[in-house]
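**Student:** Let me begin by handing over the structure; questions about it come next.
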Amino acid sequence: MDKLQARLEEAERWENDNTSIFKSSMLELRAEMVGILKTRWDSGDHEVEARRSPAFFIQWAETRGFEIEWASWARASGYIDTDPPATAPPFFDADSEDYPKLLHIAVRAWDHARHTSKGTAKQRIAAFLHERYPDLSASEKEAISMIGNWQKSGGRPKTGG
């Protein structure tokens, strides 16, 4: 019983220690920040199959206002790119009140269609929308297909002379 009482007193002493209180507070803040990051990440629209580099995740977080303590060191040391790509967010920030959801989806569908080859551009866009955004209405899918389609003439692409 004496050992148990001694351990209890030790725990109470550390519970009121300023260093322990500070460390506990920092852990709580970091846990909260990770929770916020996860919520934002989950609300975004990402290529699930894509293999992303660490630089992608760092850039994603920084464009949403998260400060990464070691990012400047990593850039200076050459571990991550120093310049963000020209197409980097935040122009499609799903958390923003002026977020253009259909425009964002149209850009993603267009980009996907450029990197695939089965069918016409409009068919590739439609397939992407069917797979990734099944809850869109038929009129939304049609509008996005029209916006992203660069083969406006229709029909089979011409070949030969």
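Identifiers for the structure tokens are assigned positionally: chains receive A, B, ... in sequence, residues are indexed from 1 per chain, and ligands are indexed from 1 in the order shown.
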Write out as a PDB file with all heavy atoms, in the first residue's frame the residues lying within 8 Å of Gln151 in chain A, counting only C-alpha atoms and excluding same-chain residues fewer than 5 positions away.

**Tutor:**
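This went into part_23.pdb:
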```
ATOM      1  N   THR A 120     -13.099   9.120 -77.163  1.00  0.00           N
ATOM      2  CA  THR A 120     -12.946  10.546 -77.457  1.00  0.00           C
ATOM      3  C   THR A 120     -12.720  11.305 -76.151  1.00  0.00           C
ATOM      4  O   THR A 120     -12.925  10.761 -75.060  1.00  0.00           O
ATOM      5  CB  THR A 120     -14.213  11.096 -78.139  1.00  0.00           C
ATOM      6  OG1 THR A 120     -15.294  11.018 -77.194  1.00  0.00           O
ATOM      7  CG2 THR A 120     -14.565  10.318 -79.405  1.00  0.00           C
ATOM      8  N   ALA A 121     -12.351  12.545 -76.265  1.00  0.00           N
ATOM      9  CA  ALA A 121     -12.141  13.367 -75.066  1.00  0.00           C
ATOM     10  C   ALA A 121     -13.416  13.417 -74.232  1.00  0.00           C
ATOM     11  O   ALA A 121     -13.383  13.257 -73.014  1.00  0.00           O
ATOM     12  CB  ALA A 121     -11.701  14.774 -75.463  1.00  0.00           C
ATOM     13  N   LYS A 122     -14.554  13.622 -74.896  1.00  0.00           N
ATOM     14  CA  LYS A 122     -15.822  13.710 -74.164  1.00  0.00           C
ATOM     15  C   LYS A 122     -16.152  12.386 -73.474  1.00  0.00           C
ATOM     16  O   LYS A 122     -16.621  12.372 -72.338  1.00  0.00           O
ATOM     17  CB  LYS A 122     -16.955  14.123 -75.109  1.00  0.00           C
ATOM     18  CG  LYS A 122     -18.241  14.439 -74.398  1.00  0.00           C
ATOM     19  CD  LYS A 122     -19.283  15.016 -75.335  1.00  0.00           C
ATOM     20  CE  LYS A 122     -20.551  15.347 -74.578  1.00  0.00           C
ATOM     21  NZ  LYS A 122     -21.581  15.917 -75.447  1.00  0.00           N
TER      22      LYS A 122
END
```

**Student:** List every residue of range 23-145 of chain A that DSSP, applied to the backbone of this structure, places in alpha helix (DSSP H), and write the result as an NGL selection string.

**Tutor:** :A and (23-43 or 54-62 or 71-76 or 101-114 or 121-132 or 138-145)

**Student:** Which residue is closest to Ile36 in chain A? Choose from A:Tyr133, A:Tyr79, A:Phe128, A:Phe66 and count only C-alpha atoms.

**Tutor:** A:Phe66

**Student:** Find the spatial neighbours of Ala106 in chain A, counting only C-alpha atoms, within a cut-off of 12 Å - ignore same-chain residues fewer than 2 positions away - and output them as a PDB file with all heavy atoms, in the first residue's frame.

**Tutor:**
```pdb
ATOM      1  N   PHE A  92      -8.320  26.328 -55.953  1.00  0.00           N
ATOM      2  CA  PHE A  92      -9.479  25.471 -55.735  1.00  0.00           C
ATOM      3  C   PHE A  92      -9.452  24.980 -54.298  1.00  0.00           C
ATOM      4  O   PHE A  92      -9.160  23.839 -54.019  1.00  0.00           O
ATOM      5  CB  PHE A  92      -9.506  24.286 -56.695  1.00  0.00           C
ATOM      6  CG  PHE A  92      -9.825  24.655 -58.105  1.00  0.00           C
ATOM      7  CD1 PHE A  92      -9.016  24.244 -59.135  1.00  0.00           C
ATOM      8  CD2 PHE A  92     -10.933  25.422 -58.408  1.00  0.00           C
ATOM      9  CE1 PHE A  92      -9.312  24.573 -60.441  1.00  0.00           C
ATOM     10  CE2 PHE A  92     -11.239  25.766 -59.712  1.00  0.00           C
ATOM     11  CZ  PHE A  92     -10.421  25.338 -60.742  1.00  0.00           C
ATOM     12  N   PRO A 100     -15.477  26.962 -56.417  1.00  0.00           N
ATOM     13  CA  PRO A 100     -16.265  26.597 -57.608  1.00  0.00           C
ATOM     14  C   PRO A 100     -16.189  25.085 -57.860  1.00  0.00           C
ATOM     15  O   PRO A 100     -15.383  24.611 -58.657  1.00  0.00           O
ATOM     16  CB  PRO A 100     -15.566  27.388 -58.716  1.00  0.00           C
ATOM     17  CG  PRO A 100     -14.137  27.438 -58.277  1.00  0.00           C
ATOM     18  CD  PRO A 100     -14.168  27.490 -56.769  1.00  0.00           C
ATOM     19  N   LYS A 101     -17.009  24.353 -57.174  1.00  0.00           N
ATOM     20  CA  LYS A 101     -16.938  22.887 -57.197  1.00  0.00           C
ATOM     21  C   LYS A 101     -16.985  22.311 -58.615  1.00  0.00           C
ATOM     22  O   LYS A 101     -16.142  21.495 -58.987  1.00  0.00           O
ATOM     23  CB  LYS A 101     -18.063  22.296 -56.351  1.00  0.00           C
ATOM     24  CG  LYS A 101     -18.077  20.777 -56.353  1.00  0.00           C
ATOM     25  CD  LYS A 101     -19.222  20.230 -55.539  1.00  0.00           C
ATOM     26  CE  LYS A 101     -19.250  18.707 -55.627  1.00  0.00           C
ATOM     27  NZ  LYS A 101     -20.395  18.148 -54.951  1.00  0.00           N
ATOM     28  N   LEU A 102     -17.946  22.732 -59.426  1.00  0.00           N
ATOM     29  CA  LEU A 102     -18.075  22.157 -60.763  1.00  0.00           C
ATOM     30  C   LEU A 102     -16.895  22.536 -61.650  1.00  0.00           C
ATOM     31  O   LEU A 102     -16.438  21.723 -62.463  1.00  0.00           O
ATOM     32  CB  LEU A 102     -19.398  22.573 -61.405  1.00  0.00           C
ATOM     33  CG  LEU A 102     -20.654  22.004 -60.746  1.00  0.00           C
ATOM     34  CD1 LEU A 102     -21.907  22.452 -61.488  1.00  0.00           C
ATOM     35  CD2 LEU A 102     -20.602  20.493 -60.660  1.00  0.00           C
ATOM     36  N   LEU A 103     -16.380  23.747 -61.494  1.00  0.00           N
ATOM     37  CA  LEU A 103     -15.201  24.146 -62.261  1.00  0.00           C
ATOM     38  C   LEU A 103     -14.000  23.297 -61.858  1.00  0.00           C
ATOM     39  O   LEU A 103     -13.228  22.842 -62.705  1.00  0.00           O
ATOM     40  CB  LEU A 103     -14.908  25.633 -62.052  1.00  0.00           C
ATOM     41  CG  LEU A 103     -13.684  26.184 -62.776  1.00  0.00           C
ATOM     42  CD1 LEU A 103     -13.799  25.976 -64.281  1.00  0.00           C
ATOM     43  CD2 LEU A 103     -13.514  27.661 -62.445  1.00  0.00           C
ATOM     44  N   HIS A 104     -13.850  23.062 -60.572  1.00  0.00           N
ATOM     45  CA  HIS A 104     -12.756  22.222 -60.078  1.00  0.00           C
ATOM     46  C   HIS A 104     -12.866  20.812 -60.656  1.00  0.00           C
ATOM     47  O   HIS A 104     -11.886  20.243 -61.145  1.00  0.00           O
ATOM     48  CB  HIS A 104     -12.792  22.194 -58.555  1.00  0.00           C
ATOM     49  CG  HIS A 104     -11.623  21.492 -57.943  1.00  0.00           C
ATOM     50  ND1 HIS A 104     -11.537  21.256 -56.604  1.00  0.00           N
ATOM     51  CD2 HIS A 104     -10.493  20.953 -58.467  1.00  0.00           C
ATOM     52  CE1 HIS A 104     -10.406  20.610 -56.340  1.00  0.00           C
ATOM     53  NE2 HIS A 104      -9.764  20.419 -57.452  1.00  0.00           N
ATOM     54  N   ARG A 108     -10.281  18.812 -63.248  1.00  0.00           N
ATOM     55  CA  ARG A 108      -9.759  17.471 -62.937  1.00  0.00           C
ATOM     56  C   ARG A 108     -10.130  16.471 -64.025  1.00  0.00           C
ATOM     57  O   ARG A 108      -9.314  15.647 -64.431  1.00  0.00           O
ATOM     58  CB  ARG A 108     -10.308  16.989 -61.591  1.00  0.00           C
ATOM     59  CG  ARG A 108      -9.782  17.851 -60.456  1.00  0.00           C
ATOM     60  CD  ARG A 108      -9.615  17.166 -59.151  1.00  0.00           C
ATOM     61  NE  ARG A 108      -8.777  15.995 -59.244  1.00  0.00           N
ATOM     62  CZ  ARG A 108      -9.190  14.767 -58.934  1.00  0.00           C
ATOM     63  NH1 ARG A 108     -10.393  14.556 -58.509  1.00  0.00           N
ATOM     64  NH2 ARG A 108      -8.369  13.753 -59.028  1.00  0.00           N
ATOM     65  N   ALA A 109     -11.369  16.562 -64.519  1.00  0.00           N
ATOM     66  CA  ALA A 109     -11.811  15.644 -65.568  1.00  0.00           C
ATOM     67  C   ALA A 109     -11.028  15.889 -66.861  1.00  0.00           C
ATOM     68  O   ALA A 109     -10.607  14.940 -67.530  1.00  0.00           O
ATOM     69  CB  ALA A 109     -13.312  15.816 -65.805  1.00  0.00           C
ATOM     70  N   TRP A 110     -10.832  17.143 -67.219  1.00  0.00           N
ATOM     71  CA  TRP A 110     -10.053  17.504 -68.399  1.00  0.00           C
ATOM     72  C   TRP A 110      -8.622  16.979 -68.281  1.00  0.00           C
ATOM     73  O   TRP A 110      -8.089  16.385 -69.218  1.00  0.00           O
ATOM     74  CB  TRP A 110     -10.072  19.026 -68.565  1.00  0.00           C
ATOM     75  CG  TRP A 110      -9.030  19.547 -69.494  1.00  0.00           C
ATOM     76  CD1 TRP A 110      -9.067  19.551 -70.859  1.00  0.00           C
ATOM     77  CD2 TRP A 110      -7.784  20.153 -69.121  1.00  0.00           C
ATOM     78  NE1 TRP A 110      -7.916  20.110 -71.349  1.00  0.00           N
ATOM     79  CE2 TRP A 110      -7.116  20.496 -70.306  1.00  0.00           C
ATOM     80  CE3 TRP A 110      -7.181  20.437 -67.904  1.00  0.00           C
ATOM     81  CZ2 TRP A 110      -5.876  21.113 -70.304  1.00  0.00           C
ATOM     82  CZ3 TRP A 110      -5.950  21.062 -67.901  1.00  0.00           C
ATOM     83  CH2 TRP A 110      -5.312  21.386 -69.084  1.00  0.00           C
ATOM     84  N   ASP A 111      -8.011  17.176 -67.115  1.00  0.00           N
ATOM     85  CA  ASP A 111      -6.640  16.728 -66.917  1.00  0.00           C
ATOM     86  C   ASP A 111      -6.565  15.201 -67.008  1.00  0.00           C
ATOM     87  O   ASP A 111      -5.637  14.651 -67.617  1.00  0.00           O
ATOM     88  CB  ASP A 111      -6.119  17.211 -65.565  1.00  0.00           C
ATOM     89  CG  ASP A 111      -4.639  16.941 -65.387  1.00  0.00           C
ATOM     90  OD1 ASP A 111      -3.855  17.283 -66.300  1.00  0.00           O
ATOM     91  OD2 ASP A 111      -4.257  16.392 -64.340  1.00  0.00           O
ATOM     92  N   HIS A 112      -7.535  14.523 -66.428  1.00  0.00           N
ATOM     93  CA  HIS A 112      -7.567  13.054 -66.511  1.00  0.00           C
ATOM     94  C   HIS A 112      -7.701  12.614 -67.970  1.00  0.00           C
ATOM     95  O   HIS A 112      -6.995  11.703 -68.415  1.00  0.00           O
ATOM     96  CB  HIS A 112      -8.728  12.514 -65.678  1.00  0.00           C
ATOM     97  CG  HIS A 112      -8.916  11.037 -65.823  1.00  0.00           C
ATOM     98  ND1 HIS A 112      -8.140  10.124 -65.152  1.00  0.00           N
ATOM     99  CD2 HIS A 112      -9.779  10.324 -66.591  1.00  0.00           C
ATOM    100  CE1 HIS A 112      -8.527   8.891 -65.495  1.00  0.00           C
ATOM    101  NE2 HIS A 112      -9.511   9.006 -66.354  1.00  0.00           N
ATOM    102  N   ALA A 113      -8.605  13.249 -68.714  1.00  0.00           N
ATOM    103  CA  ALA A 113      -8.844  12.867 -70.107  1.00  0.00           C
ATOM    104  C   ALA A 113      -7.603  13.096 -70.975  1.00  0.00           C
ATOM    105  O   ALA A 113      -7.349  12.336 -71.914  1.00  0.00           O
ATOM    106  CB  ALA A 113     -10.026  13.656 -70.661  1.00  0.00           C
ATOM    107  N   LYS A 122     -14.554  13.622 -74.896  1.00  0.00           N
ATOM    108  CA  LYS A 122     -15.822  13.710 -74.164  1.00  0.00           C
ATOM    109  C   LYS A 122     -16.152  12.386 -73.474  1.00  0.00           C
ATOM    110  O   LYS A 122     -16.621  12.372 -72.338  1.00  0.00           O
ATOM    111  CB  LYS A 122     -16.955  14.123 -75.109  1.00  0.00           C
ATOM    112  CG  LYS A 122     -18.241  14.439 -74.398  1.00  0.00           C
ATOM    113  CD  LYS A 122     -19.283  15.016 -75.335  1.00  0.00           C
ATOM    114  CE  LYS A 122     -20.551  15.347 -74.578  1.00  0.00           C
ATOM    115  NZ  LYS A 122     -21.581  15.917 -75.447  1.00  0.00           N
ATOM    116  N   ILE A 125     -13.916  12.036 -70.402  1.00  0.00           N
ATOM    117  CA  ILE A 125     -14.401  12.910 -69.329  1.00  0.00           C
ATOM    118  C   ILE A 125     -15.637  12.295 -68.686  1.00  0.00           C
ATOM    119  O   ILE A 125     -15.761  12.234 -67.463  1.00  0.00           O
ATOM    120  CB  ILE A 125     -14.683  14.331 -69.860  1.00  0.00           C
ATOM    121  CG1 ILE A 125     -13.359  15.010 -70.240  1.00  0.00           C
ATOM    122  CG2 ILE A 125     -15.456  15.155 -68.836  1.00  0.00           C
ATOM    123  CD1 ILE A 125     -13.530  16.304 -71.020  1.00  0.00           C
ATOM    124  N   ALA A 126     -16.555  11.818 -69.518  1.00  0.00           N
ATOM    125  CA  ALA A 126     -17.788  11.206 -69.001  1.00  0.00           C
ATOM    126  C   ALA A 126     -17.474   9.974 -68.149  1.00  0.00           C
ATOM    127  O   ALA A 126     -18.087   9.776 -67.091  1.00  0.00           O
ATOM    128  CB  ALA A 126     -18.713  10.844 -70.159  1.00  0.00           C
ATOM    129  N   PHE A 128     -14.703   9.395 -66.465  1.00  0.00           N
ATOM    130  CA  PHE A 128     -14.102   9.880 -65.223  1.00  0.00           C
ATOM    131  C   PHE A 128     -15.197  10.363 -64.261  1.00  0.00           C
ATOM    132  O   PHE A 128     -15.192  10.029 -63.074  1.00  0.00           O
ATOM    133  CB  PHE A 128     -13.134  11.025 -65.540  1.00  0.00           C
ATOM    134  CG  PHE A 128     -12.560  11.696 -64.331  1.00  0.00           C
ATOM    135  CD1 PHE A 128     -11.468  11.155 -63.672  1.00  0.00           C
ATOM    136  CD2 PHE A 128     -13.085  12.891 -63.862  1.00  0.00           C
ATOM    137  CE1 PHE A 128     -10.918  11.782 -62.560  1.00  0.00           C
ATOM    138  CE2 PHE A 128     -12.549  13.520 -62.752  1.00  0.00           C
ATOM    139  CZ  PHE A 128     -11.467  12.962 -62.107  1.00  0.00           C
ATOM    140  N   LEU A 129     -16.146  11.125 -64.779  1.00  0.00           N
ATOM    141  CA  LEU A 129     -17.233  11.641 -63.942  1.00  0.00           C
ATOM    142  C   LEU A 129     -18.102  10.505 -63.403  1.00  0.00           C
ATOM    143  O   LEU A 129     -18.510  10.536 -62.236  1.00  0.00           O
ATOM    144  CB  LEU A 129     -18.083  12.639 -64.725  1.00  0.00           C
ATOM    145  CG  LEU A 129     -17.381  13.917 -65.160  1.00  0.00           C
ATOM    146  CD1 LEU A 129     -18.287  14.747 -66.059  1.00  0.00           C
ATOM    147  CD2 LEU A 129     -16.916  14.722 -63.963  1.00  0.00           C
ATOM    148  N   ARG A 132     -15.783   8.747 -60.644  1.00  0.00           N
ATOM    149  CA  ARG A 132     -15.356   9.531 -59.478  1.00  0.00           C
ATOM    150  C   ARG A 132     -16.461  10.381 -58.860  1.00  0.00           C
ATOM    151  O   ARG A 132     -16.402  10.712 -57.688  1.00  0.00           O
ATOM    152  CB  ARG A 132     -14.193  10.462 -59.861  1.00  0.00           C
ATOM    153  CG  ARG A 132     -12.922   9.760 -60.268  1.00  0.00           C
ATOM    154  CD  ARG A 132     -12.275   8.969 -59.143  1.00  0.00           C
ATOM    155  NE  ARG A 132     -11.982   9.725 -57.967  1.00  0.00           N
ATOM    156  CZ  ARG A 132     -10.899  10.436 -57.745  1.00  0.00           C
ATOM    157  NH1 ARG A 132      -9.955  10.469 -58.638  1.00  0.00           N
ATOM    158  NH2 ARG A 132     -10.739  11.095 -56.622  1.00  0.00           N
ATOM    159  N   TYR A 133     -17.456  10.770 -59.643  1.00  0.00           N
ATOM    160  CA  TYR A 133     -18.508  11.665 -59.152  1.00  0.00           C
ATOM    161  C   TYR A 133     -19.897  11.140 -59.537  1.00  0.00           C
ATOM    162  O   TYR A 133     -20.653  11.807 -60.241  1.00  0.00           O
ATOM    163  CB  TYR A 133     -18.309  13.081 -59.707  1.00  0.00           C
ATOM    164  CG  TYR A 133     -16.996  13.682 -59.309  1.00  0.00           C
ATOM    165  CD1 TYR A 133     -15.896  13.633 -60.145  1.00  0.00           C
ATOM    166  CD2 TYR A 133     -16.840  14.284 -58.059  1.00  0.00           C
ATOM    167  CE1 TYR A 133     -14.676  14.169 -59.765  1.00  0.00           C
ATOM    168  CE2 TYR A 133     -15.634  14.818 -57.667  1.00  0.00           C
ATOM    169  CZ  TYR A 133     -14.557  14.754 -58.531  1.00  0.00           C
ATOM    170  OH  TYR A 133     -13.363  15.288 -58.146  1.00  0.00           O
ATOM    171  N   LEU A 136     -23.226  13.404 -59.160  1.00  0.00           N
ATOM    172  CA  LEU A 136     -23.545  14.584 -59.959  1.00  0.00           C
ATOM    173  C   LEU A 136     -24.793  14.309 -60.795  1.00  0.00           C
ATOM    174  O   LEU A 136     -25.017  13.179 -61.245  1.00  0.00           O
ATOM    175  CB  LEU A 136     -22.387  14.940 -60.893  1.00  0.00           C
ATOM    176  CG  LEU A 136     -21.129  15.504 -60.270  1.00  0.00           C
ATOM    177  CD1 LEU A 136     -20.050  15.705 -61.344  1.00  0.00           C
ATOM    178  CD2 LEU A 136     -21.395  16.822 -59.564  1.00  0.00           C
ATOM    179  N   GLU A 140     -25.265  18.316 -64.779  1.00  0.00           N
ATOM    180  CA  GLU A 140     -23.936  18.745 -64.326  1.00  0.00           C
ATOM    181  C   GLU A 140     -22.845  17.984 -65.079  1.00  0.00           C
ATOM    182  O   GLU A 140     -21.856  18.582 -65.523  1.00  0.00           O
ATOM    183  CB  GLU A 140     -23.788  18.517 -62.815  1.00  0.00           C
ATOM    184  CG  GLU A 140     -24.603  19.469 -61.973  1.00  0.00           C
ATOM    185  CD  GLU A 140     -24.592  19.107 -60.494  1.00  0.00           C
ATOM    186  OE1 GLU A 140     -24.539  17.894 -60.161  1.00  0.00           O
ATOM    187  OE2 GLU A 140     -24.645  20.040 -59.679  1.00  0.00           O
ATOM    188  N   LYS A 141     -23.052  16.680 -65.257  1.00  0.00           N
ATOM    189  CA  LYS A 141     -22.063  15.877 -65.985  1.00  0.00           C
ATOM    190  C   LYS A 141     -21.960  16.337 -67.440  1.00  0.00           C
ATOM    191  O   LYS A 141     -20.860  16.419 -67.992  1.00  0.00           O
ATOM    192  CB  LYS A 141     -22.428  14.394 -65.918  1.00  0.00           C
ATOM    193  CG  LYS A 141     -22.221  13.782 -64.549  1.00  0.00           C
ATOM    194  CD  LYS A 141     -22.638  12.316 -64.519  1.00  0.00           C
ATOM    195  CE  LYS A 141     -22.479  11.740 -63.127  1.00  0.00           C
ATOM    196  NZ  LYS A 141     -22.938  10.347 -63.052  1.00  0.00           N
ATOM    197  N   GLU A 142     -23.088  16.639 -68.045  1.00  0.00           N
ATOM    198  CA  GLU A 142     -23.090  17.107 -69.438  1.00  0.00           C
ATOM    199  C   GLU A 142     -22.375  18.448 -69.555  1.00  0.00           C
ATOM    200  O   GLU A 142     -21.571  18.661 -70.460  1.00  0.00           O
ATOM    201  CB  GLU A 142     -24.531  17.215 -69.965  1.00  0.00           C
ATOM    202  CG  GLU A 142     -24.630  17.686 -71.402  1.00  0.00           C
ATOM    203  CD  GLU A 142     -23.977  16.744 -72.410  1.00  0.00           C
ATOM    204  OE1 GLU A 142     -23.859  15.540 -72.137  1.00  0.00           O
ATOM    205  OE2 GLU A 142     -23.576  17.229 -73.486  1.00  0.00           O
ATOM    206  N   ALA A 143     -22.648  19.366 -68.628  1.00  0.00           N
ATOM    207  CA  ALA A 143     -21.992  20.681 -68.657  1.00  0.00           C
ATOM    208  C   ALA A 143     -20.481  20.530 -68.494  1.00  0.00           C
ATOM    209  O   ALA A 143     -19.698  21.167 -69.221  1.00  0.00           O
ATOM    210  CB  ALA A 143     -22.558  21.577 -67.556  1.00  0.00           C
ATOM    211  N   ILE A 144     -20.054  19.699 -67.573  1.00  0.00           N
ATOM    212  CA  ILE A 144     -18.617  19.484 -67.352  1.00  0.00           C
ATOM    213  C   ILE A 144     -17.990  18.838 -68.582  1.00  0.00           C
ATOM    214  O   ILE A 144     -16.894  19.221 -69.008  1.00  0.00           O
ATOM    215  CB  ILE A 144     -18.384  18.633 -66.085  1.00  0.00           C
ATOM    216  CG1 ILE A 144     -18.751  19.458 -64.843  1.00  0.00           C
ATOM    217  CG2 ILE A 144     -16.955  18.138 -66.011  1.00  0.00           C
ATOM    218  CD1 ILE A 144     -18.797  18.657 -63.558  1.00  0.00           C
ATOM    219  N   SER A 145     -18.687  17.887 -69.196  1.00  0.00           N
ATOM    220  CA  SER A 145     -18.167  17.234 -70.397  1.00  0.00           C
ATOM    221  C   SER A 145     -18.004  18.238 -71.531  1.00  0.00           C
ATOM    222  O   SER A 145     -17.030  18.173 -72.291  1.00  0.00           O
ATOM    223  CB  SER A 145     -19.090  16.089 -70.844  1.00  0.00           C
ATOM    224  OG  SER A 145     -19.076  15.052 -69.888  1.00  0.00           O
ATOM    225  N   MET A 146     -18.921  19.160 -71.639  1.00  0.00           N
ATOM    226  CA  MET A 146     -18.823  20.181 -72.687  1.00  0.00           C
ATOM    227  C   MET A 146     -17.677  21.146 -72.409  1.00  0.00           C
ATOM    228  O   MET A 146     -16.940  21.522 -73.314  1.00  0.00           O
ATOM    229  CB  MET A 146     -20.146  20.944 -72.809  1.00  0.00           C
ATOM    230  CG  MET A 146     -21.253  20.125 -73.448  1.00  0.00           C
ATOM    231  SD  MET A 146     -22.856  20.950 -73.481  1.00  0.00           S
ATOM    232  CE  MET A 146     -22.472  22.533 -74.161  1.00  0.00           C
ATOM    233  N   ILE A 147     -17.506  21.542 -71.168  1.00  0.00           N
ATOM    234  CA  ILE A 147     -16.449  22.494 -70.809  1.00  0.00           C
ATOM    235  C   ILE A 147     -15.067  21.890 -71.063  1.00  0.00           C
ATOM    236  O   ILE A 147     -14.183  22.539 -71.619  1.00  0.00           O
ATOM    237  CB  ILE A 147     -16.578  22.916 -69.327  1.00  0.00           C
ATOM    238  CG1 ILE A 147     -17.801  23.785 -69.132  1.00  0.00           C
ATOM    239  CG2 ILE A 147     -15.324  23.647 -68.860  1.00  0.00           C
ATOM    240  CD1 ILE A 147     -18.152  24.020 -67.681  1.00  0.00           C
ATOM    241  N   GLY A 148     -14.865  20.655 -70.652  1.00  0.00           N
ATOM    242  CA  GLY A 148     -13.548  20.035 -70.743  1.00  0.00           C
ATOM    243  C   GLY A 148     -13.203  19.443 -72.088  1.00  0.00           C
ATOM    244  O   GLY A 148     -12.045  19.128 -72.350  1.00  0.00           O
ATOM    245  N   ASN A 149     -14.177  19.300 -72.965  1.00  0.00           N
ATOM    246  CA  ASN A 149     -13.966  18.653 -74.254  1.00  0.00           C
ATOM    247  C   ASN A 149     -13.251  19.589 -75.230  1.00  0.00           C
ATOM    248  O   ASN A 149     -13.792  20.613 -75.627  1.00  0.00           O
ATOM    249  CB  ASN A 149     -15.309  18.202 -74.836  1.00  0.00           C
ATOM    250  CG  ASN A 149     -15.159  17.474 -76.145  1.00  0.00           C
ATOM    251  OD1 ASN A 149     -14.064  17.149 -76.579  1.00  0.00           O
ATOM    252  ND2 ASN A 149     -16.289  17.209 -76.788  1.00  0.00           N
TER     253      ASN A 149
END
```

**Student:** Can you tell me how far CA of Ser53 in chain A sits from CA of Ser96 in chain A, in Å to one decimal?

**Tutor:** 25.2 Å

**Student:** Do you have the CA of Phe22 in chain A-CA of Leu8 in chain A distance handy?

**Tutor:**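 Taking CA of Phe22 in chain A and CA of Leu8 in chain A, their separation equals 20.7 Å.
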